[in-house]
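Structure, as structure tokens:
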Amino acid sequence: MSGTSLTPFISSPGTVHKRLTRDLTILVLILISLFLLLSYFYSKQIQQDISIAIIESAEKMVINKNNRIFEPISNNLKLSRKWAELESLTPSKFEVFNKRFIPILETLPNISSVILASSEGKEYFFTKQDDNWLSRHIDQDQYGSSKAQWRLWNSNNQLIKEWQEETDYQPDTRPWYKLGMSFDTKHEIKWTTPYSFYTQQVPGITGVSKWKDNNNIQYMLAFDVTLSDISKSISTATVNPNDSAFLISPIGEIILPPGKGNHPVVKGSTVTGSLYSPGSNQSNYVIFDSVNHWIKQKRPLNKPASFTRNGQRWWYKIFVLESYQQSIYSGVI
């Protein structure tokens, strides 16, 4: 019986060698790719860790700089409120008022003005003007409902001149007055969110403290604090040249120091500092980019985040400045 002979297939040594070489090459390439991938993710993690560490260092610098400016202001407001209560100070006792607050305004230039107002709608406003002092007195009983009594004082608290002006100004329409009337006297100080001051037209915030007299009339003592010098000081709180630091309102208005005049001014001027609202037309400015990103992310606080612009990744963090009772934030990039 005839049949076909079955001969087993045996690879030649050369073929086996080629297969081993191919398999080893593939294995080496896979290992190299895996190593490169792990190295990429590891380097990204290292970059992220370094960026967050830099942000945290810058944040501490911002808080320290802010506290050095803010604490003397806050302490003086607390002491002055107690003094005003003990002295039964009213808006009509302007000479006594001046003697108390001229030294404070000379010592703490970030306080642009001091205001004393009552729940009856009377007010005394006091501020520096060149080498002299300027006051505005609102009292419907003395001057009528649409009149303001202005006085100019020299450095020795002597009256230089006085005059009356028609005005539509009413204390009860201002943010600091509304804030003062919204809390009880158990709270020592409350701070407004940033806004533009009525007389000086500069961005700032106002600290308010109040008390009641024996006739149940409420009095409010307020310090107007300009933000231009504070934002300028904070903008220098950087760890390396690529960092930026800034002040920001809770609604996302950026408080830039004087001289930042490359963008539309919302409130204020390039001379005195401004409040800017970020928008799509300012996409070339990294601070605006970070705030826009923060707003789109539902405004997270005290949490690092990142975005990409022009192929570069930027890390930022917007955090609460506790001393202002969440009326103002700061950011570092």
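Residues in the structure tokens are named by chain (A, B, ... in the order shown) and by number from 1 within that chain; ligands are numbered from 1 in the order shown.
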Can you tell me, as a list in words, what residues are no more than 9 Å from Leu301 of chain A when counting only C-alpha atoms, ignoring any on the same chain fewer than 4 positions away?
Trp294, Lys317, Ile318, Phe319, Val320 and Tyr329 of chain A
Kindly assemble as a tab-separated table a list of the segment 74-173 of chain A residues that lie within 10 Å of segment 184-194 of chain A, each paired with its nearest atom pair and their distance in Å to one decimal, using only C-alpha atoms, sorted first by chain and then by ascending residue number.
residue	atom	partner	partner_atom	distance
A:Ser74	CA	A:Ile189	CA	8.1
A:Leu77	CA	A:Ile189	CA	8.1
A:Lys78	CA	A:Glu188	CA	6.9
A:Arg81	CA	A:Glu188	CA	8.8
A:Lys82	CA	A:Glu188	CA	9.9
Residues as selected, N, CA, C and O atoms, written as a compact mmCIF listing (two decimals), in the first residue's frame, can you do that?
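What follows is the written file out28.txt:
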# COMPACT_ATOMS: atom_id res chain seq x y z
N SER A 74 -7.16 98.01 60.64
CA SER A 74 -8.23 97.37 61.38
C SER A 74 -8.16 97.69 62.87
O SER A 74 -9.18 98.00 63.51
N LEU A 77 -9.33 101.22 63.52
CA LEU A 77 -10.79 101.37 63.41
C LEU A 77 -11.47 100.87 64.68
O LEU A 77 -12.42 101.48 65.19
N LYS A 78 -11.00 99.75 65.23
CA LYS A 78 -11.57 99.23 66.48
C LYS A 78 -11.39 100.23 67.62
O LYS A 78 -12.34 100.52 68.38
N ARG A 81 -13.51 103.46 67.06
CA ARG A 81 -14.94 103.26 67.33
C ARG A 81 -15.22 103.35 68.83
O ARG A 81 -16.19 103.98 69.26
N LYS A 82 -14.37 102.71 69.63
CA LYS A 82 -14.56 102.76 71.08
C LYS A 82 -14.40 104.18 71.60
O LYS A 82 -15.17 104.64 72.45
Which of these residues is nearest to Gln200 of chain A, using only C-alpha atoms: A:Phe126, A:Trp150, A:Trp163, A:Tyr324?
A:Phe126
Calculated over only C-alpha atoms, which of the candidates A:Gln326, A:Glu123, A:Phe197, A:Lys178 has the smallest distance to Leu89 of chain A?
A:Glu123
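Using only C-alpha atoms, the protein and nucleic acid residues lying no more than 10 Å from Ser88 of chain A, apart from those fewer than 5 places from it along its own chain, are Lys82, Trp83, Lys93, Lys212, Asp213, Asn214 and Tyr219 of chain A.
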Residues just named, written with all heavy atoms as a PDB file, in the first residue's frame:
ATOM      1  N   LYS A  82     -14.373 102.714  69.625  1.00  0.00           N
ATOM      2  CA  LYS A  82     -14.562 102.760  71.077  1.00  0.00           C
ATOM      3  C   LYS A  82     -14.401 104.175  71.597  1.00  0.00           C
ATOM      4  O   LYS A  82     -15.175 104.637  72.455  1.00  0.00           O
ATOM      5  CB  LYS A  82     -13.564 101.820  71.751  1.00  0.00           C
ATOM      6  CG  LYS A  82     -13.854 101.585  73.233  1.00  0.00           C
ATOM      7  CD  LYS A  82     -15.209 100.935  73.438  1.00  0.00           C
ATOM      8  CE  LYS A  82     -15.512 100.701  74.904  1.00  0.00           C
ATOM      9  NZ  LYS A  82     -16.874 100.150  75.111  1.00  0.00           N
ATOM     10  N   TRP A  83     -13.413 104.876  71.085  1.00  0.00           N
ATOM     11  CA  TRP A  83     -13.201 106.271  71.491  1.00  0.00           C
ATOM     12  C   TRP A  83     -14.407 107.123  71.122  1.00  0.00           C
ATOM     13  O   TRP A  83     -14.882 107.940  71.930  1.00  0.00           O
ATOM     14  CB  TRP A  83     -11.947 106.810  70.809  1.00  0.00           C
ATOM     15  CG  TRP A  83     -11.790 108.306  70.959  1.00  0.00           C
ATOM     16  CD1 TRP A  83     -11.248 108.962  72.027  1.00  0.00           C
ATOM     17  CD2 TRP A  83     -12.199 109.298  70.030  1.00  0.00           C
ATOM     18  NE1 TRP A  83     -11.283 110.325  71.812  1.00  0.00           N
ATOM     19  CE2 TRP A  83     -11.863 110.551  70.586  1.00  0.00           C
ATOM     20  CE3 TRP A  83     -12.797 109.269  68.770  1.00  0.00           C
ATOM     21  CZ2 TRP A  83     -12.116 111.758  69.946  1.00  0.00           C
ATOM     22  CZ3 TRP A  83     -13.056 110.467  68.125  1.00  0.00           C
ATOM     23  CH2 TRP A  83     -12.725 111.695  68.701  1.00  0.00           C
ATOM     24  N   LYS A  93     -19.814 117.385  65.764  1.00  0.00           N
ATOM     25  CA  LYS A  93     -18.619 117.686  66.572  1.00  0.00           C
ATOM     26  C   LYS A  93     -17.365 117.563  65.704  1.00  0.00           C
ATOM     27  O   LYS A  93     -16.454 116.770  65.963  1.00  0.00           O
ATOM     28  CB  LYS A  93     -18.539 116.744  67.769  1.00  0.00           C
ATOM     29  CG  LYS A  93     -19.691 116.895  68.758  1.00  0.00           C
ATOM     30  CD  LYS A  93     -19.523 115.943  69.938  1.00  0.00           C
ATOM     31  CE  LYS A  93     -20.640 116.099  70.950  1.00  0.00           C
ATOM     32  NZ  LYS A  93     -20.484 115.175  72.108  1.00  0.00           N
ATOM     33  N   LYS A 212     -24.753 102.171  69.409  1.00  0.00           N
ATOM     34  CA  LYS A 212     -25.985 102.911  69.682  1.00  0.00           C
ATOM     35  C   LYS A 212     -25.765 103.827  70.883  1.00  0.00           C
ATOM     36  O   LYS A 212     -25.090 103.467  71.842  1.00  0.00           O
ATOM     37  CB  LYS A 212     -27.134 101.947  69.994  1.00  0.00           C
ATOM     38  CG  LYS A 212     -27.664 101.183  68.805  1.00  0.00           C
ATOM     39  CD  LYS A 212     -28.850 100.314  69.223  1.00  0.00           C
ATOM     40  CE  LYS A 212     -29.390  99.512  68.034  1.00  0.00           C
ATOM     41  NZ  LYS A 212     -30.543  98.660  68.440  1.00  0.00           N
ATOM     42  N   ASP A 213     -26.390 105.026  70.817  1.00  0.00           N
ATOM     43  CA  ASP A 213     -26.315 105.910  71.969  1.00  0.00           C
ATOM     44  C   ASP A 213     -27.500 105.670  72.900  1.00  0.00           C
ATOM     45  O   ASP A 213     -28.315 104.761  72.677  1.00  0.00           O
ATOM     46  CB  ASP A 213     -26.220 107.374  71.531  1.00  0.00           C
ATOM     47  CG  ASP A 213     -27.499 107.881  70.868  1.00  0.00           C
ATOM     48  OD1 ASP A 213     -28.514 107.132  70.832  1.00  0.00           O
ATOM     49  OD2 ASP A 213     -27.490 109.026  70.388  1.00  0.00           O
ATOM     50  N   ASN A 214     -27.620 106.487  73.917  1.00  0.00           N
ATOM     51  CA  ASN A 214     -28.686 106.306  74.906  1.00  0.00           C
ATOM     52  C   ASN A 214     -30.067 106.575  74.338  1.00  0.00           C
ATOM     53  O   ASN A 214     -31.074 106.165  74.935  1.00  0.00           O
ATOM     54  CB  ASN A 214     -28.427 107.211  76.113  1.00  0.00           C
ATOM     55  CG  ASN A 214     -27.181 106.822  76.868  1.00  0.00           C
ATOM     56  OD1 ASN A 214     -26.801 105.648  76.894  1.00  0.00           O
ATOM     57  ND2 ASN A 214     -26.519 107.790  77.483  1.00  0.00           N
ATOM     58  N   TYR A 219     -24.881 104.881  65.263  1.00  0.00           N
ATOM     59  CA  TYR A 219     -23.789 105.628  64.642  1.00  0.00           C
ATOM     60  C   TYR A 219     -22.834 104.644  63.977  1.00  0.00           C
ATOM     61  O   TYR A 219     -22.562 103.570  64.513  1.00  0.00           O
ATOM     62  CB  TYR A 219     -23.045 106.460  65.677  1.00  0.00           C
ATOM     63  CG  TYR A 219     -23.837 107.648  66.165  1.00  0.00           C
ATOM     64  CD1 TYR A 219     -24.633 107.541  67.298  1.00  0.00           C
ATOM     65  CD2 TYR A 219     -23.809 108.862  65.487  1.00  0.00           C
ATOM     66  CE1 TYR A 219     -25.381 108.621  67.756  1.00  0.00           C
ATOM     67  CE2 TYR A 219     -24.547 109.949  65.931  1.00  0.00           C
ATOM     68  CZ  TYR A 219     -25.331 109.825  67.055  1.00  0.00           C
ATOM     69  OH  TYR A 219     -26.077 110.890  67.496  1.00  0.00           O
TER      70      TYR A 219
END
Calculated over only C-alpha atoms, which of the candidates A:Ser196, A:Ser182, A:Ile248, A:Trp176 has the smallest distance to Ser235 of chain A?
A:Ile248
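The neighbours of Pro304 of chain A here are the residues that come within 7 Å of it, using only C-alpha atoms and leaving out any residue fewer than 3 positions away in the same chain; they are Ile52, Trp315, Tyr316 and Lys317 of chain A.
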Taking 5 positions as the minimum chain separation for residues in the same chain, which residues sit within 10 Å of Asn64 of chain A when counting only C-alpha atoms? Answer as a PyMOL selection string.
chain A and resi 58-59+69-70+234+237
DSSP alpha helix (DSSP H) selection over segment 12-248 of chain A, as a PyMOL selection string:
chain A and resi 13-86+94-107+140-143+175-182+228-235
Extract the full set of strand (DSSP E or B) residues from segment 135-215 of chain A according to DSSP on the backbone, and format it as an NGL selection string.
:A and (135-138 or 147-153 or 159-166 or 190-191 or 195-196 or 203-212)
Please identify all polymer residues within 12 Å of Asp172 of chain A, counting only C-alpha atoms, omitting same-chain residues fewer than 5 positions from it, and present them as a PyMOL selection string.
chain A and resi 117-123+138+177-182+220
Can those selected residues be exported to a file as a PDB file, in the first residue's frame so that it contains N, CA and C atoms?
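Printed below is result.pdb as written:
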ATOM      1  N   ALA A 117     -21.427 108.614  60.455  1.00  0.00           N
ATOM      2  CA  ALA A 117     -22.813 108.793  60.018  1.00  0.00           C
ATOM      3  C   ALA A 117     -23.761 108.247  61.066  1.00  0.00           C
ATOM      4  N   SER A 118     -24.974 108.750  61.038  1.00  0.00           N
ATOM      5  CA  SER A 118     -25.996 108.285  61.976  1.00  0.00           C
ATOM      6  C   SER A 118     -27.169 107.700  61.210  1.00  0.00           C
ATOM      7  N   SER A 119     -27.997 106.938  61.927  1.00  0.00           N
ATOM      8  CA  SER A 119     -29.192 106.363  61.310  1.00  0.00           C
ATOM      9  C   SER A 119     -30.223 107.428  60.971  1.00  0.00           C
ATOM     10  N   GLU A 120     -29.994 108.666  61.412  1.00  0.00           N
ATOM     11  CA  GLU A 120     -30.860 109.795  61.056  1.00  0.00           C
ATOM     12  C   GLU A 120     -30.500 110.389  59.698  1.00  0.00           C
ATOM     13  N   GLY A 121     -29.442 109.879  59.070  1.00  0.00           N
ATOM     14  CA  GLY A 121     -29.048 110.383  57.754  1.00  0.00           C
ATOM     15  C   GLY A 121     -28.030 111.501  57.787  1.00  0.00           C
ATOM     16  N   LYS A 122     -27.462 111.781  58.956  1.00  0.00           N
ATOM     17  CA  LYS A 122     -26.445 112.826  59.073  1.00  0.00           C
ATOM     18  C   LYS A 122     -25.063 112.200  58.894  1.00  0.00           C
ATOM     19  N   GLU A 123     -24.150 112.984  58.331  1.00  0.00           N
ATOM     20  CA  GLU A 123     -22.830 112.429  58.019  1.00  0.00           C
ATOM     21  C   GLU A 123     -21.750 113.489  58.093  1.00  0.00           C
ATOM     22  N   ILE A 138     -23.195 116.576  56.045  1.00  0.00           N
ATOM     23  CA  ILE A 138     -24.571 116.407  55.582  1.00  0.00           C
ATOM     24  C   ILE A 138     -25.483 116.437  56.802  1.00  0.00           C
ATOM     25  N   TYR A 177     -22.873 102.345  54.089  1.00  0.00           N
ATOM     26  CA  TYR A 177     -24.017 102.649  54.954  1.00  0.00           C
ATOM     27  C   TYR A 177     -24.976 101.462  54.986  1.00  0.00           C
ATOM     28  N   LYS A 178     -25.262 100.924  53.814  1.00  0.00           N
ATOM     29  CA  LYS A 178     -26.164  99.763  53.752  1.00  0.00           C
ATOM     30  C   LYS A 178     -25.592  98.583  54.538  1.00  0.00           C
ATOM     31  N   LEU A 179     -24.265  98.383  54.427  1.00  0.00           N
ATOM     32  CA  LEU A 179     -23.625  97.309  55.169  1.00  0.00           C
ATOM     33  C   LEU A 179     -23.736  97.562  56.668  1.00  0.00           C
ATOM     34  N   GLY A 180     -23.465  98.806  57.090  1.00  0.00           N
ATOM     35  CA  GLY A 180     -23.522  99.136  58.502  1.00  0.00           C
ATOM     36  C   GLY A 180     -24.898  98.935  59.103  1.00  0.00           C
ATOM     37  N   MET A 181     -25.932  99.215  58.339  1.00  0.00           N
ATOM     38  CA  MET A 181     -27.293  99.055  58.838  1.00  0.00           C
ATOM     39  C   MET A 181     -27.757  97.606  58.811  1.00  0.00           C
ATOM     40  N   SER A 182     -26.962  96.728  58.175  1.00  0.00           N
ATOM     41  CA  SER A 182     -27.397  95.340  58.006  1.00  0.00           C
ATOM     42  C   SER A 182     -26.957  94.429  59.140  1.00  0.00           C
ATOM     43  N   MET A 220     -22.335 105.049  62.832  1.00  0.00           N
ATOM     44  CA  MET A 220     -21.385 104.229  62.085  1.00  0.00           C
ATOM     45  C   MET A 220     -20.101 105.003  61.845  1.00  0.00           C
TER      46      MET A 220
END
Looking at A:Ser155, A:Asn216, A:Gln140, A:Asn66, which one is nearest to Phe246 of chain A, with distances taken over only C-alpha atoms?
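Selected residue with least distance to Phe246 of chain A: A:Asn66.
Using only C-alpha atoms, the smallest distance between any of A:Ile104, A:Leu134, A:Val239, A:Ile55 and Asn302 of chain A comes from A:Ile55.
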In Å to one decimal, how far is atom CA of Gln129 of chain A from atom CA of Glu253 of chain A?
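Straight-line distance from atom CA of Glu253 of chain A to atom CA of Gln129 of chain A works out to 28.2 Å.
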